[in-house]
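Notes to accompany the following structure.
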Amino acid sequence: VPRPKISWRYSGDRDNGRWLYLAGDFGGGSWAFQRTNGTNDVVSYSDLRGLIGIELIQKEGLDWYLEGGLVWSRKLEFRSGIGDRDLDPSAVISGGFSF
């Protein structure tokens, strides 16, 4: 899935620098489950995200990022159609690291 991103390096160089960025994302997933009446169903969640973040990229060592933003166009859709709904906009904060 495309994840458009505009980055600006505010310190360091390309291999060892700190970056600020704006990004867009499509979130979601699908899960199988069994309803209380015993029937099997699948629920899918989807959303659109606008994010602002900061990341540290190093040629050697620990890389990390921290981002937050708005989430809209949130939907729950069931294969059976029972319980489909649109959800209110929300906020998200996420982070991570890698070696």
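Each chain in the structure tokens gets a letter, A, B, ..., in the order shown, and its residues are numbered from 1; ligands are numbered from 1 in order too.
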Tell me which protein, DNA and RNA residues are within 12 Å of A:Phe97, counting only C-alpha atoms, leaving out same-chain ones fewer than 4 positions away, and put them as number ranges by chain.
A: 54-58, 61-66
Store the residues picked out above in a file with N, CA and C atoms, as a compact mmCIF listing (two decimals), in the first residue's frame.
# COMPACT_ATOMS: atom_id res chain seq x y z
N ILE A 54 9.05 12.22 13.76
CA ILE A 54 10.48 12.48 13.87
C ILE A 54 11.17 11.12 13.86
N GLU A 55 12.33 11.04 13.18
CA GLU A 55 13.07 9.78 13.19
C GLU A 55 14.56 10.05 13.19
N LEU A 56 15.28 9.11 13.77
CA LEU A 56 16.74 9.13 13.80
C LEU A 56 17.20 7.97 12.95
N ILE A 57 18.00 8.25 11.92
CA ILE A 57 18.54 7.22 11.05
C ILE A 57 20.06 7.25 11.20
N GLN A 58 20.65 6.09 11.52
CA GLN A 58 22.10 5.97 11.70
C GLN A 58 22.63 4.85 10.82
N GLY A 61 24.00 1.29 14.39
CA GLY A 61 23.38 1.56 15.68
C GLY A 61 21.87 1.50 15.63
N LEU A 62 21.26 2.14 16.58
CA LEU A 62 19.83 2.10 16.79
C LEU A 62 19.12 3.21 16.01
N ASP A 63 18.16 2.86 15.17
CA ASP A 63 17.27 3.80 14.50
C ASP A 63 15.96 3.81 15.28
N TRP A 64 15.29 4.95 15.33
CA TRP A 64 13.99 5.01 16.00
C TRP A 64 13.11 6.06 15.34
N TYR A 65 11.80 5.96 15.61
CA TYR A 65 10.85 6.97 15.14
C TYR A 65 9.73 7.13 16.16
N LEU A 66 9.10 8.29 16.12
CA LEU A 66 7.93 8.59 16.93
C LEU A 66 7.02 9.45 16.07
Need to verify the contact set: stretch 23-36 of chain A, 12 Å, only C-alpha atoms, exclusion of same-chain residues closer than 4 positions in sequence. Can you return it as number ranges by chain?
A: 1-8, 40-54, 67-80, 82-83, 92
Mind checking DSSP for chain A and telling me the strand (DSSP E) residues as a VMD selection string?
chain A and resid 5 to 12 17 to 34 40 to 57 63 to 78 85 to 87 90 to 98
If you measure from atom CA of A:Asp13 to atom CA of A:Ile93, what distance in Å do you get, rounded to one decimal?
26.5 Å
